[in-house]
Amino acid sequence: MKIVPSKKMSLFTPAIFGDLKIFAREQQAKGMTLIDLSLGSPDLPPHAKIREHLSYRAGLAESYGYTLTGTQRFYDAVSRYYKRRSNVDLDPATEIIQTIGSQEGLVHLPIAFCDPGDIVLSTNPAYVAYDAGIHLAGATPYYMPQTADNDYLPDLDAVPEEIAQKAKLLILNLPGNPVPAMPSLAYFEKVIAFAKKYNIIVLHDAAYSEFYFTGDGPISFLAAPGAKEVGMEINSLSKSFSLAGTRIAYIAGNAEMIAVIKQLKSNLDFGIFEPIQDAAVVALDNAEEITESLRATFSERHKTLMNGLQALGWEAAPSDGGMFVWAKYPYAIDCTELAFQLIEQVGVVTVPGTVFGTAGQGYLRLALVQPKELLQEAVDRLAKVQLLAKQ
């Protein structure tokens with residue numbers, strides 16, 4: 001039997017992560033001790049309160065039915081969380097929709113709003129799920145630059161008038177993956193004015209909003225005046241609450257937009273396991289306690305890796321948050337080739353910048369997912385890399 005993939009599958013090329021993992025395992029089998037800074041998944045376990053409640057709820061016989069659009073307990077908890085953390089009022093019934101992790105929400109959302117040929121404003125580099133969703137909808141991406149001159153924030157002023165007039169959706173991610181640029185309310189106000197001028201839907205990916213190392217609280221897009229008139233925010237419990245494997249997230253914001261997503265999702269899934277939703281309620285209701293410890297840990301890691309790389313002559317993008325370091329290395333070598341050489345020579349696993357777009361050439365992404373002592377060891381190992389030429 002001849003298996004012929006659809007033409008659309010040509011848009012979904014295999015990610016390099018698998019190749020990196022295979023090569024890393026091969027080097028490990030030869031005796032290399034690895035320090036893996038590649039995968040952006042928290043190494044810290046969920047808080048004991050969360051684990052205990054998940055275990056308890058999973059033991060109840062009545063916990064195994066369909067949950068469809070989600071439990072009222074979960075939606076109320078999201079609403080309480082936004083009010084406490086960002087002073088944002090959300091109607092649990094109309095302004096929040098649950099998703100099976102942010103990946104699912106991000107990939108499916110463009111289908112709800114974009115027709116083939118519509119323009120979606122994104123960035124280069126950017127998280128890979130954005131392009132996947134854009135391609136699935138048959139839309140066309142337009143990439144906004146992220147440069148040091150604009151504090152690595154997506155440059156709305158660089159979008160040509162004819163592109164802005166045709167754009168349907170704008171995707172932001174602040175602090176981001178791979179570039180951990182930090183937002184401000186002033187920047188979000190500029191985004192809202194831009195969206196109103198050109199009638200563009202805004203989606204802010206806030207997966208790393210609790211990873212801030214200065215200031216008093218997370219900066220939510222929805223906290224900016226007029227945000228709910230133009231857009232939404234998607235947030236996941238994967239990073240901030242170490243619940244990556246449970247796959248639970250939500251989209252909040254404009255009620256009319258949320259209704260469209262609800263209609264789409266009613267045809268796609270039957271909800272998330274109820275004990276996971278109840279564990280998420282515990283996480284959200286105890287966010288202050290849980291995320292304070294998270295920030296203390298990741299802030300120390302951030303300092304260790306940033307200072308170490310800069311001492312080696314790497315140009316790390318300045319940041320006060322996020323769970324990654326985006327660094328330009330001082331060697332005249334392709335970033336993918338360098339990533340494999342670092343594994344082979346010193347056992348440090350990173351991600352080449354071109355995974356996230358063509359603008360990532362010359363960069364590596366390093367995740368803050370190891371204790372600071374191992375991050376310092378990674379820096380010490382990188383100092384021993386032997387390459388033919390420096391830039």
# chains A, B, ... in the order shown; residues from 1 in each chain; ligands from 1
>>> residues_around(residues="region 346-361 of chain A", least_positions_apart="4", cutoff="6 Å", atoms="only C-alpha atoms", output="PyMOL selection string")
chain A and resi 34-38+124-128+335-336+339+342+365-366+381
>>> write_last_selection(atoms="all heavy atoms", output="short mmCIF file (atom, residue, chain, number, x, y, z; two decimals), in the first residue's frame")
data_model
loop_
_atom_site.label_atom_id
_atom_site.label_comp_id
_atom_site.auth_asym_id
_atom_site.auth_seq_id
_atom_site.Cartn_x
_atom_site.Cartn_y
_atom_site.Cartn_z
N LEU A 34 25.94 14.58 30.47
CA LEU A 34 25.21 15.65 29.80
C LEU A 34 24.65 16.67 30.77
O LEU A 34 24.24 16.33 31.90
CB LEU A 34 24.05 15.07 28.98
CG LEU A 34 24.40 14.06 27.88
CD1 LEU A 34 23.12 13.56 27.23
CD2 LEU A 34 25.33 14.69 26.84
N ILE A 35 24.60 17.92 30.34
CA ILE A 35 23.84 18.98 31.00
C ILE A 35 22.83 19.47 29.97
O ILE A 35 23.19 20.14 29.01
CB ILE A 35 24.73 20.14 31.49
CG1 ILE A 35 25.79 19.62 32.46
CG2 ILE A 35 23.88 21.22 32.15
CD1 ILE A 35 26.77 20.70 32.92
N ASP A 36 21.58 19.10 30.16
CA ASP A 36 20.56 19.35 29.14
C ASP A 36 19.86 20.68 29.41
O ASP A 36 19.12 20.82 30.38
CB ASP A 36 19.55 18.21 29.14
CG ASP A 36 18.64 18.25 27.91
OD1 ASP A 36 18.60 19.29 27.22
OD2 ASP A 36 17.98 17.23 27.64
N LEU A 37 20.10 21.64 28.53
CA LEU A 37 19.47 22.96 28.61
C LEU A 37 18.56 23.19 27.40
O LEU A 37 18.33 24.33 27.00
CB LEU A 37 20.53 24.06 28.67
CG LEU A 37 21.63 23.90 29.73
CD1 LEU A 37 22.59 25.09 29.68
CD2 LEU A 37 21.03 23.76 31.12
N SER A 38 18.05 22.11 26.85
CA SER A 38 17.30 22.23 25.60
C SER A 38 15.80 22.37 25.78
O SER A 38 15.18 23.25 25.19
CB SER A 38 17.59 21.02 24.70
OG SER A 38 17.15 19.81 25.30
N ASN A 124 9.89 36.66 14.09
CA ASN A 124 10.96 35.76 13.67
C ASN A 124 12.22 36.21 14.42
O ASN A 124 12.74 37.28 14.11
CB ASN A 124 11.18 35.85 12.16
CG ASN A 124 12.28 34.93 11.65
OD1 ASN A 124 12.91 34.20 12.42
ND2 ASN A 124 12.54 34.99 10.35
N PRO A 125 12.62 35.45 15.44
CA PRO A 125 12.21 34.11 15.85
C PRO A 125 10.92 34.10 16.67
O PRO A 125 10.51 35.14 17.20
CB PRO A 125 13.39 33.63 16.71
CG PRO A 125 13.93 34.89 17.31
CD PRO A 125 13.78 35.94 16.23
N ALA A 126 10.30 32.91 16.77
CA ALA A 126 9.07 32.77 17.55
C ALA A 126 8.90 31.31 17.93
O ALA A 126 9.50 30.40 17.34
CB ALA A 126 7.86 33.23 16.74
N TYR A 127 8.04 31.08 18.92
CA TYR A 127 7.69 29.72 19.33
C TYR A 127 7.09 28.98 18.15
O TYR A 127 6.25 29.52 17.41
CB TYR A 127 6.71 29.78 20.51
CG TYR A 127 6.28 28.44 21.05
CD1 TYR A 127 7.20 27.44 21.31
CD2 TYR A 127 4.93 28.19 21.30
CE1 TYR A 127 6.80 26.22 21.81
CE2 TYR A 127 4.52 26.97 21.81
CZ TYR A 127 5.47 25.98 22.06
OH TYR A 127 5.06 24.77 22.55
N VAL A 128 7.49 27.72 17.97
CA VAL A 128 7.17 26.98 16.74
C VAL A 128 5.67 26.72 16.56
O VAL A 128 5.20 26.55 15.43
CB VAL A 128 7.94 25.64 16.71
CG1 VAL A 128 9.44 25.89 16.60
CG2 VAL A 128 7.64 24.81 17.95
N CYS A 335 24.50 27.58 13.52
CA CYS A 335 24.02 27.32 14.88
C CYS A 335 23.66 25.85 15.10
O CYS A 335 23.86 25.31 16.19
CB CYS A 335 22.84 28.23 15.23
SG CYS A 335 21.38 28.02 14.20
N THR A 336 23.16 25.17 14.06
CA THR A 336 22.84 23.76 14.22
C THR A 336 24.11 22.93 14.37
O THR A 336 24.20 22.05 15.23
CB THR A 336 22.02 23.26 13.02
OG1 THR A 336 20.79 23.99 12.95
CG2 THR A 336 21.71 21.77 13.16
N ALA A 339 25.39 23.41 17.86
CA ALA A 339 24.63 22.68 18.87
C ALA A 339 25.10 21.24 18.97
O ALA A 339 25.26 20.69 20.08
CB ALA A 339 23.14 22.75 18.55
N LEU A 342 28.65 21.14 20.56
CA LEU A 342 28.65 21.34 22.01
C LEU A 342 28.29 20.05 22.75
O LEU A 342 28.83 19.78 23.82
CB LEU A 342 27.65 22.45 22.39
CG LEU A 342 27.98 23.86 21.91
CD1 LEU A 342 26.96 24.86 22.46
CD2 LEU A 342 29.39 24.28 22.32
N ARG A 365 19.39 28.87 22.05
CA ARG A 365 18.49 29.04 23.19
C ARG A 365 18.90 28.07 24.29
O ARG A 365 19.06 26.87 24.05
CB ARG A 365 17.04 28.76 22.79
CG ARG A 365 16.03 29.18 23.86
CD ARG A 365 14.68 28.53 23.67
NE ARG A 365 14.69 27.12 24.04
CZ ARG A 365 13.61 26.33 24.02
NH1 ARG A 365 12.44 26.81 23.64
NH2 ARG A 365 13.71 25.05 24.37
N LEU A 366 19.05 28.62 25.49
CA LEU A 366 19.42 27.82 26.65
C LEU A 366 18.33 27.96 27.71
O LEU A 366 17.98 29.08 28.09
CB LEU A 366 20.78 28.25 27.22
CG LEU A 366 21.97 28.19 26.25
CD1 LEU A 366 22.14 29.53 25.53
CD2 LEU A 366 23.26 27.86 26.99
N ARG A 381 32.15 24.41 31.11
CA ARG A 381 32.38 23.51 29.98
C ARG A 381 32.44 24.27 28.66
O ARG A 381 33.26 23.97 27.78
CB ARG A 381 31.29 22.45 29.91
CG ARG A 381 31.28 21.44 31.05
CD ARG A 381 30.28 20.34 30.72
NE ARG A 381 30.08 19.41 31.82
CZ ARG A 381 29.41 18.26 31.72
NH1 ARG A 381 28.86 17.92 30.56
NH2 ARG A 381 29.26 17.46 32.75
#
>>> residues_around(residues="Ala367 (chain A)", least_positions_apart="4", cutoff="7 Å", atoms="only C-alpha atoms", output="number ranges by chain")
A: 37-40, 323-325
>>> write_last_selection(atoms="C-alpha atoms", output="compact mmCIF listing (two decimals), in the first residue's frame")
# COMPACT_ATOMS: atom_id res chain seq x y z
CA LEU A 37 19.47 22.96 28.61
CA SER A 38 17.30 22.23 25.60
CA LEU A 39 13.74 21.47 26.65
CA GLY A 40 11.68 24.29 28.17
CA MET A 323 12.85 30.78 31.55
CA PHE A 324 15.34 31.04 28.68
CA VAL A 325 18.51 32.83 27.70
>>> residues_around(residues="Asn254 (chain A)", least_positions_apart="5", cutoff="8 Å", atoms="only C-alpha atoms", output="ChimeraX atom specification")
/A:95,228-232
>>> select_by_dssp(residues="region 67-127 of chain A", states="strand (DSSP E)", output="CSV table (one decimal) with N, CA, C and O atoms, in the first residue's frame")
chain,number,residue,atom,x,y,z
A,96,ILE,N,-13.7,33.2,29.5
A,96,ILE,CA,-12.7,32.2,29.7
A,96,ILE,C,-13.0,30.9,29.0
A,96,ILE,O,-14.2,30.5,29.1
A,97,ILE,N,-12.1,30.3,28.3
A,97,ILE,CA,-12.3,29.0,27.7
A,97,ILE,C,-11.1,28.1,28.0
A,97,ILE,O,-9.9,28.6,27.9
A,98,GLN,N,-11.3,26.9,28.5
A,98,GLN,CA,-10.2,26.0,28.8
A,98,GLN,C,-9.7,25.3,27.5
A,98,GLN,O,-10.4,25.1,26.6
A,99,THR,N,-8.3,25.1,27.5
A,99,THR,CA,-7.7,24.4,26.4
A,99,THR,C,-6.8,23.3,27.0
A,99,THR,O,-6.4,23.3,28.2
A,119,ILE,N,-3.6,37.3,6.6
A,119,ILE,CA,-2.3,37.6,7.2
A,119,ILE,C,-2.3,37.5,8.7
A,119,ILE,O,-3.2,38.1,9.3
A,120,VAL,N,-1.3,36.8,9.3
A,120,VAL,CA,-1.2,36.8,10.7
A,120,VAL,C,0.2,37.4,11.1
A,120,VAL,O,1.2,37.0,10.5
A,121,LEU,N,0.2,38.4,11.9
A,121,LEU,CA,1.4,39.0,12.4
A,121,LEU,C,2.1,38.2,13.5
A,121,LEU,O,1.4,38.0,14.5
A,122,SER,N,3.3,37.8,13.3
A,122,SER,CA,4.0,37.0,14.3
A,122,SER,C,5.4,37.6,14.3
A,122,SER,O,5.7,38.7,13.9
A,123,THR,N,6.4,36.8,14.9
A,123,THR,CA,7.8,37.3,14.9
A,123,THR,C,8.7,36.2,14.4
A,123,THR,O,8.4,35.1,14.2
>>> residues_around(residues="Ala207 (chain A)", least_positions_apart="3", cutoff="10 Å", atoms="only C-alpha atoms", output="JSON, numbers by chain")
{"A": [102, 173, 174, 175, 176, 177, 204, 210, 211, 233, 234, 235, 236, 237, 238, 239, 240, 249, 322]}
>>> write_last_selection(atoms="C-alpha atoms", output="compact mmCIF listing (two decimals), in the first residue's frame")
# COMPACT_ATOMS: atom_id res chain seq x y z
CA SER A 102 -1.48 26.09 25.49
CA ASN A 173 4.64 36.32 23.55
CA LEU A 174 6.11 38.47 26.36
CA PRO A 175 8.30 37.39 28.10
CA GLY A 176 8.88 35.12 25.18
CA ASN A 177 10.23 31.87 23.86
CA HIS A 204 -0.98 37.35 23.89
CA GLU A 210 4.98 34.52 36.42
CA PHE A 211 8.68 34.39 35.48
CA GLU A 233 -4.55 36.12 26.57
CA ILE A 234 -3.62 32.44 26.63
CA ASN A 235 -1.92 31.07 29.72
CA SER A 236 -0.79 27.64 30.75
CA LEU A 237 -0.18 26.03 34.12
CA SER A 238 2.70 24.05 32.59
CA LYS A 239 5.49 26.49 33.45
CA SER A 240 4.40 28.57 36.44
CA ALA A 249 -4.43 25.98 30.04
CA GLY A 322 11.35 34.24 31.30
>>> decode(residues="region 228-256 of chain A", atoms="N, CA and C atoms", output="PDB file, in the first residue's frame")
ATOM      1  N   LYS A 228      -9.559  44.014  26.383  1.00  0.00           N
ATOM      2  CA  LYS A 228     -10.627  43.062  26.092  1.00  0.00           C
ATOM      3  C   LYS A 228     -11.475  43.470  24.886  1.00  0.00           C
ATOM      4  N   GLU A 229     -11.316  44.699  24.425  1.00  0.00           N
ATOM      5  CA  GLU A 229     -12.024  45.115  23.215  1.00  0.00           C
ATOM      6  C   GLU A 229     -11.387  44.507  21.968  1.00  0.00           C
ATOM      7  N   VAL A 230     -10.083  44.186  22.048  1.00  0.00           N
ATOM      8  CA  VAL A 230      -9.365  43.755  20.847  1.00  0.00           C
ATOM      9  C   VAL A 230      -8.789  42.352  20.932  1.00  0.00           C
ATOM     10  N   GLY A 231      -8.774  41.750  22.128  1.00  0.00           N
ATOM     11  CA  GLY A 231      -8.065  40.483  22.147  1.00  0.00           C
ATOM     12  C   GLY A 231      -8.199  39.632  23.373  1.00  0.00           C
ATOM     13  N   MET A 232      -7.259  38.697  23.446  1.00  0.00           N
ATOM     14  CA  MET A 232      -7.289  37.631  24.445  1.00  0.00           C
ATOM     15  C   MET A 232      -5.875  37.347  24.936  1.00  0.00           C
ATOM     16  N   GLU A 233      -5.823  36.584  26.027  1.00  0.00           N
ATOM     17  CA  GLU A 233      -4.550  36.120  26.574  1.00  0.00           C
ATOM     18  C   GLU A 233      -4.661  34.616  26.810  1.00  0.00           C
ATOM     19  N   ILE A 234      -3.664  33.872  26.363  1.00  0.00           N
ATOM     20  CA  ILE A 234      -3.619  32.439  26.635  1.00  0.00           C
ATOM     21  C   ILE A 234      -2.546  32.182  27.673  1.00  0.00           C
ATOM     22  N   ASN A 235      -2.874  31.364  28.648  1.00  0.00           N
ATOM     23  CA  ASN A 235      -1.919  31.072  29.716  1.00  0.00           C
ATOM     24  C   ASN A 235      -2.011  29.599  30.076  1.00  0.00           C
ATOM     25  N   SER A 236      -0.892  29.049  30.443  1.00  0.00           N
ATOM     26  CA  SER A 236      -0.790  27.639  30.754  1.00  0.00           C
ATOM     27  C   SER A 236      -0.311  27.452  32.180  1.00  0.00           C
ATOM     28  N   LEU A 237      -0.693  26.359  32.794  1.00  0.00           N
ATOM     29  CA  LEU A 237      -0.177  26.028  34.117  1.00  0.00           C
ATOM     30  C   LEU A 237       1.079  25.164  34.021  1.00  0.00           C
ATOM     31  N   SER A 238       1.536  24.911  32.801  1.00  0.00           N
ATOM     32  CA  SER A 238       2.702  24.054  32.592  1.00  0.00           C
ATOM     33  C   SER A 238       3.959  24.618  33.228  1.00  0.00           C
ATOM     34  N   LYS A 239       4.217  25.893  33.020  1.00  0.00           N
ATOM     35  CA  LYS A 239       5.488  26.487  33.447  1.00  0.00           C
ATOM     36  C   LYS A 239       5.404  27.004  34.881  1.00  0.00           C
ATOM     37  N   SER A 240       4.465  27.898  35.141  1.00  0.00           N
ATOM     38  CA  SER A 240       4.405  28.571  36.443  1.00  0.00           C
ATOM     39  C   SER A 240       4.121  27.613  37.587  1.00  0.00           C
ATOM     40  N   PHE A 241       3.419  26.506  37.301  1.00  0.00           N
ATOM     41  CA  PHE A 241       3.034  25.585  38.369  1.00  0.00           C
ATOM     42  C   PHE A 241       3.589  24.174  38.165  1.00  0.00           C
ATOM     43  N   SER A 242       4.544  24.044  37.235  1.00  0.00           N
ATOM     44  CA  SER A 242       5.214  22.761  36.978  1.00  0.00           C
ATOM     45  C   SER A 242       4.226  21.649  36.657  1.00  0.00           C
ATOM     46  N   LEU A 243       3.199  21.971  35.877  1.00  0.00           N
ATOM     47  CA  LEU A 243       2.170  21.008  35.518  1.00  0.00           C
ATOM     48  C   LEU A 243       2.192  20.694  34.022  1.00  0.00           C
ATOM     49  N   ALA A 244       3.398  20.634  33.452  1.00  0.00           N
ATOM     50  CA  ALA A 244       3.518  20.459  32.001  1.00  0.00           C
ATOM     51  C   ALA A 244       2.809  19.199  31.511  1.00  0.00           C
ATOM     52  N   GLY A 245       2.959  18.093  32.225  1.00  0.00           N
ATOM     53  CA  GLY A 245       2.382  16.840  31.761  1.00  0.00           C
ATOM     54  C   GLY A 245       0.882  16.741  31.908  1.00  0.00           C
ATOM     55  N   THR A 246       0.276  17.612  32.682  1.00  0.00           N
ATOM     56  CA  THR A 246      -1.177  17.531  32.882  1.00  0.00           C
ATOM     57  C   THR A 246      -1.967  18.170  31.746  1.00  0.00           C
ATOM     58  N   ARG A 247      -1.331  19.012  30.945  1.00  0.00           N
ATOM     59  CA  ARG A 247      -1.947  19.643  29.782  1.00  0.00           C
ATOM     60  C   ARG A 247      -3.219  20.395  30.149  1.00  0.00           C
ATOM     61  N   ILE A 248      -3.045  21.518  30.819  1.00  0.00           N
ATOM     62  CA  ILE A 248      -4.197  22.354  31.150  1.00  0.00           C
ATOM     63  C   ILE A 248      -3.815  23.819  31.007  1.00  0.00           C
ATOM     64  N   ALA A 249      -4.666  24.556  30.304  1.00  0.00           N
ATOM     65  CA  ALA A 249      -4.434  25.977  30.041  1.00  0.00           C
ATOM     66  C   ALA A 249      -5.787  26.636  29.804  1.00  0.00           C
ATOM     67  N   TYR A 250      -5.766  27.915  29.484  1.00  0.00           N
ATOM     68  CA  TYR A 250      -7.020  28.631  29.235  1.00  0.00           C
ATOM     69  C   TYR A 250      -6.744  29.848  28.355  1.00  0.00           C
ATOM     70  N   ILE A 251      -7.781  30.301  27.688  1.00  0.00           N
ATOM     71  CA  ILE A 251      -7.755  31.563  26.956  1.00  0.00           C
ATOM     72  C   ILE A 251      -8.778  32.475  27.619  1.00  0.00           C
ATOM     73  N   ALA A 252      -8.406  33.720  27.872  1.00  0.00           N
ATOM     74  CA  ALA A 252      -9.301  34.676  28.532  1.00  0.00           C
ATOM     75  C   ALA A 252      -9.313  35.984  27.759  1.00  0.00           C
ATOM     76  N   GLY A 253     -10.465  36.670  27.803  1.00  0.00           N
ATOM     77  CA  GLY A 253     -10.545  37.974  27.162  1.00  0.00           C
ATOM     78  C   GLY A 253     -11.889  38.248  26.540  1.00  0.00           C
ATOM     79  N   ASN A 254     -11.874  38.796  25.327  1.00  0.00           N
ATOM     80  CA  ASN A 254     -13.062  39.251  24.624  1.00  0.00           C
ATOM     81  C   ASN A 254     -14.124  38.151  24.535  1.00  0.00           C
ATOM     82  N   ALA A 255     -15.321  38.429  25.043  1.00  0.00           N
ATOM     83  CA  ALA A 255     -16.364  37.416  25.142  1.00  0.00           C
ATOM     84  C   ALA A 255     -16.807  36.898  23.774  1.00  0.00           C
ATOM     85  N   GLU A 256     -16.894  37.771  22.790  1.00  0.00           N
ATOM     86  CA  GLU A 256     -17.315  37.344  21.457  1.00  0.00           C
ATOM     87  C   GLU A 256     -16.288  36.401  20.834  1.00  0.00           C
TER      88      GLU A 256
END
